[in-house]
>>> print(open('final03.cif').read())   # mmCIF, C-alpha atoms
data_run
loop_
_atom_site.label_atom_id
_atom_site.label_comp_id
_atom_site.auth_asym_id
_atom_site.auth_seq_id
_atom_site.Cartn_x
_atom_site.Cartn_y
_atom_site.Cartn_z
CA MET A 1 -78.19 73.92 8.31
CA ARG A 2 -74.96 75.67 7.40
CA PHE A 3 -74.74 79.33 8.35
CA GLN A 4 -72.64 82.11 6.96
CA THR A 5 -71.34 84.57 9.58
CA ARG A 6 -73.97 87.13 8.65
CA GLN A 7 -76.76 84.54 8.94
CA LEU A 8 -75.42 83.28 12.26
CA ALA A 9 -75.38 86.85 13.58
CA LEU A 10 -79.00 87.36 12.48
CA PHE A 11 -80.01 84.02 14.04
CA CYS A 12 -78.40 85.06 17.34
CA ILE A 13 -79.97 88.53 17.26
CA LEU A 14 -83.41 87.05 16.66
CA ALA A 15 -82.84 84.50 19.44
CA ALA A 16 -81.78 87.26 21.85
CA ALA A 17 -84.76 89.42 20.85
CA SER A 18 -87.15 86.51 21.22
CA ILE A 19 -85.80 85.44 24.63
CA GLY A 20 -85.75 89.06 25.78
CA ILE A 21 -89.42 89.54 24.87
CA GLN A 22 -90.33 86.16 26.28
CA LEU A 23 -88.74 86.88 29.66
CA ALA A 24 -90.03 90.44 29.94
CA PRO A 25 -93.05 90.99 32.22
CA ARG A 26 -96.10 90.58 29.99
CA PRO A 27 -99.71 89.42 30.12
CA PRO A 28 -100.08 85.62 29.99
CA ASN A 29 -100.18 84.09 26.52
CA ILE A 30 -99.27 87.27 24.70
CA GLU A 31 -95.91 86.66 23.05
CA ALA A 32 -93.86 87.33 19.94
CA THR A 33 -91.81 84.13 19.99
CA SER A 34 -94.20 82.31 17.64
CA LEU A 35 -93.89 85.03 15.02
CA ILE A 36 -90.09 85.23 15.29
CA THR A 37 -89.70 81.43 15.26
CA PHE A 38 -91.96 81.21 12.21
CA PHE A 39 -89.83 83.82 10.43
CA VAL A 40 -86.61 82.03 11.37
CA GLY A 41 -88.13 78.98 9.66
CA ILE A 42 -88.92 81.10 6.60
CA ILE A 43 -85.45 82.67 6.44
CA PHE A 44 -83.23 79.74 7.36
CA GLY A 45 -85.44 76.72 6.72
CA GLY A 46 -87.43 74.28 8.80
CA ILE A 47 -84.55 72.68 10.70
CA ALA A 48 -83.16 76.04 11.81
CA GLY A 49 -86.70 77.13 12.75
CA GLY A 50 -87.16 73.99 14.84
CA VAL A 51 -83.80 74.50 16.57
CA PHE A 52 -84.67 78.15 17.21
CA GLY A 53 -88.01 77.26 18.81
CA THR A 54 -86.33 74.59 20.94
CA LEU A 55 -83.63 76.99 22.10
CA VAL A 56 -85.99 79.81 23.04
CA MET A 57 -88.49 77.59 24.84
CA SER A 58 -85.73 75.74 26.72
CA ILE A 59 -84.52 79.02 28.20
CA ASN A 60 -88.05 80.31 28.72
CA GLY A 61 -88.97 77.12 30.56
CA PHE A 62 -86.56 78.00 33.35
CA LEU A 63 -86.63 81.78 33.42
CA SER A 64 -90.16 82.73 32.40
CA PRO A 65 -91.82 85.40 34.55
CA TRP A 66 -94.77 82.98 34.76
CA GLY A 67 -92.64 80.40 36.58
CA LEU A 68 -90.95 77.12 35.77
CA ALA A 69 -92.49 75.15 32.94
CA GLY A 70 -91.59 71.93 34.73
CA LEU A 71 -92.78 68.74 33.07
CA ASN A 72 -94.64 70.72 30.41
CA LEU A 73 -91.32 72.01 29.02
CA PRO A 74 -90.86 69.20 26.45
CA PHE A 75 -94.33 69.91 25.09
CA GLN A 76 -93.63 73.64 24.85
CA ILE A 77 -90.41 72.82 22.99
CA VAL A 78 -92.22 70.50 20.58
CA GLY A 79 -94.95 73.09 20.06
CA MET A 80 -92.59 75.95 19.29
CA GLY A 81 -90.30 73.69 17.24
CA THR A 82 -93.33 72.77 15.12
CA ILE A 83 -93.96 76.46 14.43
CA GLY A 84 -90.34 76.84 13.26
CA VAL A 85 -90.65 73.79 11.00
CA ALA A 86 -93.94 75.18 9.65
CA GLY A 87 -92.08 78.36 8.71
CA GLY A 88 -89.68 76.21 6.69
CA ILE A 89 -92.60 74.47 4.95
CA PHE A 90 -94.24 77.82 4.21
CA ARG A 91 -90.93 79.00 2.71
CA ARG A 92 -91.24 76.34 0.02
CA TYR A 93 -94.52 77.80 -1.21
CA GLY A 94 -93.38 81.43 -1.14
CA PHE A 95 -95.65 84.40 -0.89
CA ALA A 96 -98.25 85.04 -3.51
CA GLY A 97 -100.36 88.05 -4.37
CA PRO A 98 -100.56 91.54 -2.94
CA ALA A 99 -99.46 92.55 0.57
CA SER A 100 -103.01 92.35 1.93
CA ARG A 101 -103.27 88.70 0.82
CA VAL A 102 -99.88 87.87 2.37
CA ALA A 103 -100.99 89.55 5.61
CA VAL A 104 -104.26 87.60 5.74
CA GLU A 105 -102.53 84.30 4.89
CA SER A 106 -99.95 84.97 7.60
CA ALA A 107 -102.69 85.78 10.11
CA ILE A 108 -104.48 82.50 9.33
CA LEU A 109 -101.23 80.58 9.65
CA GLY A 110 -100.49 82.40 12.91
CA ALA A 111 -103.89 81.41 14.29
CA PHE A 112 -103.54 77.80 13.15
CA LEU A 113 -99.99 77.36 14.46
CA THR A 114 -100.90 78.95 17.80
CA LEU A 115 -103.84 76.56 18.05
CA LEU A 116 -101.48 73.68 17.28
CA TYR A 117 -99.05 74.89 19.97
CA ASP A 118 -101.88 75.16 22.51
CA ILE A 119 -103.16 71.69 21.65
CA ILE A 120 -99.67 70.20 22.09
CA THR A 121 -99.12 71.95 25.44
CA ASN A 122 -102.64 71.01 26.59
CA VAL A 123 -101.91 67.38 25.77
CA GLY A 124 -98.79 67.73 27.92
CA PHE A 125 -100.80 69.29 30.75
CA ALA A 126 -103.39 66.50 30.48
CA LEU A 127 -100.72 63.79 30.66
CA ILE A 128 -98.98 65.42 33.64
CA THR A 129 -102.13 66.08 35.66
CA ASN A 130 -103.91 62.92 34.53
CA VAL A 131 -107.03 64.69 33.27
CA PRO A 132 -108.71 63.98 29.92
CA VAL A 133 -107.22 65.97 27.02
CA VAL A 134 -110.62 67.43 26.09
CA VAL A 135 -111.12 68.72 29.65
CA ALA A 136 -107.63 70.24 29.65
CA PHE A 137 -108.37 71.95 26.33
CA ILE A 138 -111.75 73.25 27.48
CA THR A 139 -110.37 74.48 30.81
CA GLY A 140 -107.67 76.46 29.05
CA VAL A 141 -109.83 77.70 26.19
CA VAL A 142 -110.03 81.28 27.46
CA PHE A 143 -106.22 81.48 27.55
CA SER A 144 -106.09 79.84 24.11
CA ILE A 145 -108.47 82.42 22.66
CA THR A 146 -106.30 85.24 24.05
CA HIS A 147 -103.21 83.53 22.66
CA ILE A 148 -104.70 82.90 19.22
CA ALA A 149 -106.28 86.35 18.94
CA SER A 150 -103.07 88.16 19.91
CA ASN A 151 -100.94 86.04 17.57
CA THR A 152 -103.42 86.45 14.72
CA LEU A 153 -103.19 90.23 15.06
CA LEU A 154 -99.40 90.09 15.41
CA PHE A 155 -99.01 87.94 12.28
CA LEU A 156 -101.53 90.10 10.42
CA PHE A 157 -99.78 93.39 11.05
CA ALA A 158 -96.13 92.35 11.47
CA SER A 159 -95.62 89.78 8.71
CA VAL A 160 -95.56 92.11 5.71
CA PRO A 161 -93.20 94.69 7.29
CA LEU A 162 -90.92 91.87 8.49
CA LEU A 163 -90.87 90.25 5.04
CA HIS A 164 -90.12 93.62 3.49
CA THR A 165 -87.29 94.22 5.97
CA PHE A 166 -85.71 90.81 5.46
CA LYS A 167 -86.00 91.20 1.69
CA THR A 168 -84.32 94.61 1.89
CA PHE A 169 -81.43 93.10 3.83
CA GLY A 170 -81.20 90.30 1.30
CA GLU A 171 -82.06 87.54 3.74
CA LEU A 172 -84.98 86.24 1.74
CA ARG A 173 -83.21 85.71 -1.56
CA THR A 174 -83.54 81.96 -1.21
CA VAL A 175 -87.29 82.14 -0.76
CA ALA A 176 -88.99 81.54 -4.07
CA ASN A 177 -91.75 83.89 -5.13
CA LYS A 178 -93.91 81.14 -6.51
CA MET B 179 -99.50 76.16 -5.76
CA GLN B 180 -102.51 77.36 -7.77
CA THR B 181 -104.27 80.41 -6.36
CA SER B 182 -107.62 78.64 -5.99
CA LYS B 183 -106.02 75.64 -4.28
CA ARG B 184 -104.01 77.94 -2.04
CA THR B 185 -107.16 79.88 -1.09
CA LEU B 186 -108.87 76.61 -0.28
CA VAL B 187 -105.99 75.48 1.95
CA PHE B 188 -106.06 78.72 3.92
CA ALA B 189 -109.85 78.65 4.14
CA VAL B 190 -109.68 75.13 5.60
CA LEU B 191 -107.03 76.24 8.11
CA ALA B 192 -109.13 79.24 9.17
CA LEU B 193 -112.27 77.09 9.51
CA THR B 194 -110.34 74.52 11.54
CA VAL B 195 -109.23 77.19 14.01
CA TRP B 196 -112.72 78.69 14.18
CA SER B 197 -114.51 75.37 14.64
CA LEU B 198 -112.13 74.06 17.31
CA MET B 199 -112.18 77.30 19.27
CA ALA B 200 -115.96 77.62 19.00
CA THR B 201 -116.37 74.03 20.17
CA GLY B 202 -113.90 74.59 22.99
CA TYR B 203 -115.67 77.77 24.06
CA ALA B 204 -119.06 76.07 23.98
CA GLY B 205 -117.58 73.29 26.13
CA TYR B 206 -116.16 75.88 28.50
CA TYR B 207 -119.59 77.48 28.92
CA TYR B 208 -121.20 74.08 29.41
CA MET B 209 -118.68 73.23 32.14
CA GLN B 210 -119.30 76.59 33.84
CA TYR B 211 -123.07 75.96 33.63
CA ARG B 212 -122.69 72.52 35.22
CA GLN B 213 -120.51 73.91 38.00
CA LEU B 214 -123.00 76.68 38.75
CA GLU B 215 -125.84 74.16 38.71
CA ASP B 216 -123.98 72.04 41.27
CA THR B 217 -123.31 75.13 43.39
CA LEU B 218 -126.99 76.06 43.21
CA LYS B 219 -127.99 72.54 44.30
CA THR B 220 -125.63 72.79 47.28
CA MET B 221 -126.94 76.25 48.11
CA GLN B 222 -130.56 75.12 47.92
CA SER B 223 -130.03 73.00 51.01
CA LEU B 224 -128.86 76.12 52.84
CA VAL B 225 -131.48 78.60 51.72
CA LEU B 226 -135.24 79.12 51.87
CA LYS B 227 -137.55 80.35 49.17
CA VAL B 228 -140.07 82.85 50.47
CA ASN B 229 -142.52 85.25 48.85
CA VAL B 230 -142.65 88.87 49.90
CA LEU B 231 -145.55 91.17 49.03
CA ILE B 232 -145.31 94.91 49.48
CA ASN B 233 -148.66 96.67 49.32
CA TYR B 234 -148.18 100.44 49.17
CA GLY B 235 -151.83 101.06 50.04
CA ASN B 236 -152.49 103.05 46.86
CA GLY B 237 -153.28 100.08 44.65
CA THR B 238 -149.64 99.25 43.94
CA LYS B 239 -148.65 95.77 44.99
CA GLU B 240 -145.17 94.43 44.49
CA TRP B 241 -144.61 90.66 44.64
CA ASN B 242 -141.12 89.27 45.16
CA ASN B 243 -141.67 85.57 44.65
CA ASN B 244 -139.08 82.86 45.35
CA THR B 245 -136.79 85.22 47.20
CA LEU B 246 -133.76 83.29 48.44
CA VAL B 247 -132.85 83.88 52.09
CA PRO B 248 -130.54 81.88 54.37
CA ILE B 249 -131.96 79.33 56.78
CA GLY B 250 -132.89 81.08 60.01
CA ALA B 251 -133.81 84.32 58.22
CA THR B 252 -136.52 86.45 59.73
CA VAL B 253 -139.26 88.56 58.14
CA PHE B 254 -136.90 91.50 58.56
CA ASN B 255 -134.07 89.72 56.67
CA ALA B 256 -136.38 88.77 53.81
CA THR B 257 -137.68 92.34 53.56
CA LEU B 258 -134.12 93.67 53.54
CA ALA B 259 -133.40 91.33 50.63
CA VAL B 260 -136.11 92.83 48.41
CA ALA B 261 -136.58 96.43 49.51
CA ASP B 262 -134.82 99.53 50.64
CA ILE B 263 -135.94 99.97 54.23
CA ASP B 264 -135.39 102.43 57.03
CA TYR B 265 -135.79 101.07 60.51
CA SER B 266 -135.07 101.80 64.13
CA MET B 267 -134.46 99.50 67.06
CA TRP B 268 -136.64 99.41 70.16
CA GLY B 269 -134.42 97.41 72.41
CA GLU B 270 -134.10 94.12 70.58
CA TYR B 271 -137.19 94.72 68.42
CA VAL B 272 -137.04 96.33 65.01
CA LEU B 273 -139.55 98.95 63.93
CA ILE B 274 -139.92 99.62 60.21
CA ASN B 275 -140.10 103.36 59.53
CA SER B 276 -140.23 103.23 55.73
CA ILE B 277 -140.15 100.78 52.84
CA ASN B 278 -138.83 101.95 49.46
CA GLY B 279 -139.11 105.56 50.61
CA ILE B 280 -142.74 105.37 51.83
CA GLN B 281 -142.56 106.74 55.35
CA GLY B 282 -144.94 105.83 58.15
CA THR B 283 -146.96 108.60 59.82
CA GLN B 284 -148.82 109.00 63.09
CA ASP B 285 -151.92 107.35 61.57
CA THR B 286 -150.48 104.96 59.00
CA GLY B 287 -147.48 102.71 58.84
CA TRP B 288 -146.05 99.39 57.73
CA ILE B 289 -147.55 96.27 59.25
CA TRP B 290 -146.51 92.80 58.22
CA TRP B 291 -148.82 89.83 57.70
CA ILE B 292 -148.15 86.19 57.06
CA TRP B 293 -150.11 83.82 54.84
CA ASN B 294 -151.53 80.98 56.89
CA ARG B 295 -151.27 77.97 54.62
CA SER B 296 -153.67 75.81 56.64
CA THR B 297 -156.52 78.36 56.70
CA SER B 298 -155.53 80.03 53.38
CA GLN B 299 -155.86 83.46 54.96
CA TRP B 300 -153.62 86.36 55.81
CA GLN B 301 -152.84 86.55 59.49
CA SER B 302 -151.57 89.64 61.29
CA THR B 303 -149.22 89.43 64.21
CA ILE B 304 -147.82 91.70 66.87
CA GLU B 305 -144.41 90.05 66.63
CA ALA B 306 -141.48 92.24 65.59
CA ALA B 307 -140.25 91.53 62.06
CA ASN B 308 -136.85 90.47 63.34
CA LYS B 309 -138.33 87.95 65.74
CA HIS B 310 -140.35 85.79 63.36
CA VAL B 311 -138.18 83.09 61.79
CA LEU B 312 -139.36 82.02 58.33
CA VAL B 313 -139.72 78.52 56.98
CA ASP B 314 -139.43 77.42 53.36
CA GLY B 315 -142.41 78.51 51.26
CA ASP B 316 -143.65 81.21 53.66
CA THR B 317 -145.44 84.19 52.17
CA ILE B 318 -145.31 87.50 54.00
CA GLY B 319 -147.03 90.74 53.12
CA TRP B 320 -146.17 94.28 54.12
CA ASN B 321 -149.22 96.52 54.19
CA TYR B 322 -149.10 100.30 54.32
CA GLN B 323 -152.25 100.83 56.38
CA ASN B 324 -153.98 102.68 59.14
CA TRP B 325 -152.70 101.38 62.44
CA ALA B 326 -156.25 100.44 63.49
CA SER B 327 -157.14 98.79 60.14
CA THR B 328 -157.52 95.05 59.89
CA THR B 329 -157.51 94.89 56.06
CA PRO B 330 -155.01 92.26 54.84
CA PRO B 331 -152.43 93.14 52.20
CA SER B 332 -154.23 91.40 49.34
#
>>> encode(input="final03.cif", output="structure tokens")
Amino acid sequence: MRFQTRQLALFCILAAASIGIQLAPRPPNIEATSLITFFVGIIFGGIAGGVFGTLVMSINGFLSPWGLAGLNLPFQIVGMGTIGVAGGIFRRYGFAGPASRVAVESAILGAFLTLLYDIITNVGFALITNVPVVVAFITGVVFSITHIASNTLLFLFASVPLLHTFKTFGELRTVANK
Amino acid sequence: MQTSKRTLVFAVLALTVWSLMATGYAGYYYMQYRQLEDTLKTMQSLVLKVNVLINYGNGTKEWNNNTLVPIGATVFNATLAVADIDYSMWGEYVLINSINGIQGTQDTGWIWWIWNRSTSQWQSTIEAANKHVLVDGDTIGWNYQNWASTTPPS
């Protein structure tokens, strides 16, 4: 993970944007951090994506408008870090086909990664509160559905324009079009 | 990655999300159902089930079976639970002026009856509706009738 100045600046801008959105008053479980973290993974690789997710969630855990994350913070960090790493894995396979296919694939990935994040944080909640994991998952399923639906839509409509923008600025030159 | 393999991978991911969320949502509904069932069981020890008949005197009879009313409810409370009524107070006694818009007149009005379970017959009473406390399983009947009539509601 070795950054040029330009890349470091972009990383910092994306981190600031992500933290800013994360800390702004918003409905619960509607966020853009997953999308941005995923794209940081695509642009800079899995390690940078993981670091990005860790950084954003660490700050969010203390300053979130929804209160302190407390003991669930490590699980939120792992969850978001995983999304960043997944971006790095997705980078290896590139983007295939027309824009509509890329949008649909991104939406599916967004849904899956959000589900993964929710499962990880629910496991954390279950361990902290000493309730069975399945019960924790079922209890939070309405929030999960909101989270997954909003992220699916966000990935569906924002991925292609973001890819186009990063390509225009030359940040995606390392991503193979396989 | 080959296009067909790639499609398959994304299809599996989408199905995984769908199946887990559908299962979770079904579990959520099941938990809600169980909670409501428990609440209902708790409530059943605090409520009575009564049957309320409203006979409009023109051939129309309206049964409100298994109406839930709190313990200690009177005929008046049970009637309030199933119908839109207009009433006036005579001291501490309630007088029903109309039920569901059918107003009493000088000759006819609303009289309530109660089903006597031991004799299996309707029984009229001069008690005010707000003075007769119901017990579980009671059946009451409101009859729109001539004040002098002794015809039961059904």
>>> interface_residues(input="final03.cif", of="chain A", to="chain B", cutoff="6 Å", atoms="all atoms listed in the file", output="number ranges by chain")
A: 108, 112, 138
>>> atom_distance(input="final03.cif", atom1="atom CA of Pro28 of chain A", atom2="atom CA of Ala48 of chain A")
26.6 Å
>>> resolve_selection(input="final03.cif", expression="the PyMOL selection byres ((chain B and resi 324-330) around 10)", output="list in words")
Asn233, Gly235, Gly282, Thr283, Gln284, Asp285, Thr286, Gly287, Trp288, Ile289, Trp290, Trp291, Ile292, Trp293, Gln299, Trp300, Gln301, Ser302, Gly319, Trp320, Asn321, Tyr322, Gln323, Pro331 and Ser332 of chain B
>>> atom_distance(input="final03.cif", atom1="atom CA of Thr82 of chain A", atom2="atom CA of Thr54 of chain A")
9.3 Å
>>> resolve_selection(input="final03.cif", expression="the PyMOL selection byres ((chain B and resi 243) around 8)", output="ChimeraX atom specification")
/B:228-230,241-242,244-245
>>> resolve_selection(input="final03.cif", expression="the PyMOL selection byres ((chain A and resi 99) around 10)", output="list in words")
Phe95, Ala96, Gly97, Pro98, Ser100, Arg101, Val102, Ala103, Val104, Glu105, Ser159, Val160, Pro161, Leu163 and His164 of chain A
>>> residues_near_point(input="final03.cif", point="(-88.1, 79.3, 9.6)", cutoff="9 Å", atoms="only C-alpha atoms", output="ChimeraX atom specification")
/A:36-50,52,83-91
>>> residues_around(input="final03.cif", residues="segment 64-68 of chain A", least_positions_apart="4", cutoff="10 Å", atoms="all atoms listed in the file", output="list in words")
Ile19, Gln22, Leu23, Ala24, Pro25, Arg26, Pro27, Pro28, Asn29, Met57, Ile59, Asn60, Asn72 and Leu73 of chain A
>>> write_last_selection(input="final03.cif", atoms="C-alpha atoms", output="PDB file, in the frame of the given file")
ATOM      1  CA  ILE A  19     -85.800  85.440  24.630  1.00  0.00           C
ATOM      2  CA  GLN A  22     -90.330  86.160  26.280  1.00  0.00           C
ATOM      3  CA  LEU A  23     -88.740  86.880  29.660  1.00  0.00           C
ATOM      4  CA  ALA A  24     -90.030  90.440  29.940  1.00  0.00           C
ATOM      5  CA  PRO A  25     -93.050  90.990  32.220  1.00  0.00           C
ATOM      6  CA  ARG A  26     -96.100  90.580  29.990  1.00  0.00           C
ATOM      7  CA  PRO A  27     -99.710  89.420  30.120  1.00  0.00           C
ATOM      8  CA  PRO A  28    -100.080  85.620  29.990  1.00  0.00           C
ATOM      9  CA  ASN A  29    -100.180  84.090  26.520  1.00  0.00           C
ATOM     10  CA  MET A  57     -88.490  77.590  24.840  1.00  0.00           C
ATOM     11  CA  ILE A  59     -84.520  79.020  28.200  1.00  0.00           C
ATOM     12  CA  ASN A  60     -88.050  80.310  28.720  1.00  0.00           C
ATOM     13  CA  ASN A  72     -94.640  70.720  30.410  1.00  0.00           C
ATOM     14  CA  LEU A  73     -91.320  72.010  29.020  1.00  0.00           C
TER      15      LEU A  73
END
>>> residues_near_point(input="final03.cif", point="(-143.8, 86.3, 61.5)", cutoff="8 Å", atoms="all atoms listed in the file", output="PyMOL selection string")
chain B and resi 252-253+290-292+303+305-307+309-312+318
>>> closest_residue(input="final03.cif", among="A:Leu154, A:Leu115, A:Leu63, A:Ile120", to="Val78 of chain A", atoms="all atoms listed in the file")
A:Ile120
>>> build_atoms(input="final03.cif", residues="segment 146-170 of chain A", atoms="N, CA and C atoms", output="short mmCIF file (atom, residue, chain, number, x, y, z; two decimals), in the frame of the given file")
data_model
loop_
_atom_site.label_atom_id
_atom_site.label_comp_id
_atom_site.auth_asym_id
_atom_site.auth_seq_id
_atom_site.Cartn_x
_atom_site.Cartn_y
_atom_site.Cartn_z
N THR A 146 -107.17 84.06 23.91
CA THR A 146 -106.30 85.24 24.05
C THR A 146 -105.03 85.04 23.22
N HIS A 147 -104.45 83.85 23.35
CA HIS A 147 -103.21 83.53 22.66
C HIS A 147 -103.39 83.60 21.14
N ILE A 148 -104.45 82.95 20.67
CA ILE A 148 -104.70 82.90 19.22
C ILE A 148 -105.04 84.29 18.68
N ALA A 149 -105.89 85.02 19.41
CA ALA A 149 -106.28 86.35 18.94
C ALA A 149 -105.07 87.28 18.86
N SER A 150 -104.23 87.25 19.90
CA SER A 150 -103.07 88.16 19.91
C SER A 150 -102.08 87.77 18.81
N ASN A 151 -101.87 86.47 18.62
CA ASN A 151 -100.94 86.04 17.57
C ASN A 151 -101.49 86.29 16.17
N THR A 152 -102.80 86.16 16.02
CA THR A 152 -103.42 86.45 14.72
C THR A 152 -103.16 87.92 14.35
N LEU A 153 -103.40 88.79 15.32
CA LEU A 153 -103.19 90.23 15.06
C LEU A 153 -101.72 90.52 14.80
N LEU A 154 -100.84 89.87 15.58
CA LEU A 154 -99.40 90.09 15.41
C LEU A 154 -98.94 89.65 14.02
N PHE A 155 -99.38 88.45 13.62
CA PHE A 155 -99.01 87.94 12.28
C PHE A 155 -99.62 88.83 11.20
N LEU A 156 -100.84 89.29 11.43
CA LEU A 156 -101.53 90.10 10.42
C LEU A 156 -100.78 91.40 10.16
N PHE A 157 -100.37 92.07 11.23
CA PHE A 157 -99.78 93.39 11.05
C PHE A 157 -98.25 93.38 10.95
N ALA A 158 -97.60 92.32 11.45
CA ALA A 158 -96.13 92.35 11.47
C ALA A 158 -95.50 91.57 10.32
N SER A 159 -96.24 90.65 9.72
CA SER A 159 -95.62 89.78 8.71
C SER A 159 -95.10 90.55 7.49
N VAL A 160 -95.95 91.40 6.93
CA VAL A 160 -95.56 92.11 5.71
C VAL A 160 -94.37 93.04 5.96
N PRO A 161 -94.40 93.86 7.02
CA PRO A 161 -93.20 94.69 7.29
C PRO A 161 -91.94 93.86 7.52
N LEU A 162 -92.10 92.72 8.24
CA LEU A 162 -90.92 91.87 8.49
C LEU A 162 -90.39 91.28 7.18
N LEU A 163 -91.29 90.81 6.33
CA LEU A 163 -90.87 90.25 5.04
C LEU A 163 -90.14 91.31 4.22
N HIS A 164 -90.72 92.51 4.23
CA HIS A 164 -90.12 93.62 3.49
C HIS A 164 -88.71 93.91 4.02
N THR A 165 -88.60 93.92 5.35
CA THR A 165 -87.29 94.22 5.97
C THR A 165 -86.26 93.15 5.61
N PHE A 166 -86.67 91.89 5.75
CA PHE A 166 -85.71 90.81 5.46
C PHE A 166 -85.35 90.78 3.97
N LYS A 167 -86.31 91.14 3.12
CA LYS A 167 -86.00 91.20 1.69
C LYS A 167 -85.01 92.32 1.42
N THR A 168 -85.22 93.46 2.07
CA THR A 168 -84.32 94.61 1.89
C THR A 168 -82.90 94.25 2.27
N PHE A 169 -82.77 93.50 3.38
CA PHE A 169 -81.43 93.10 3.83
C PHE A 169 -80.90 91.89 3.07
N GLY A 170 -81.67 91.39 2.14
CA GLY A 170 -81.20 90.30 1.30
C GLY A 170 -81.26 88.95 1.95
#
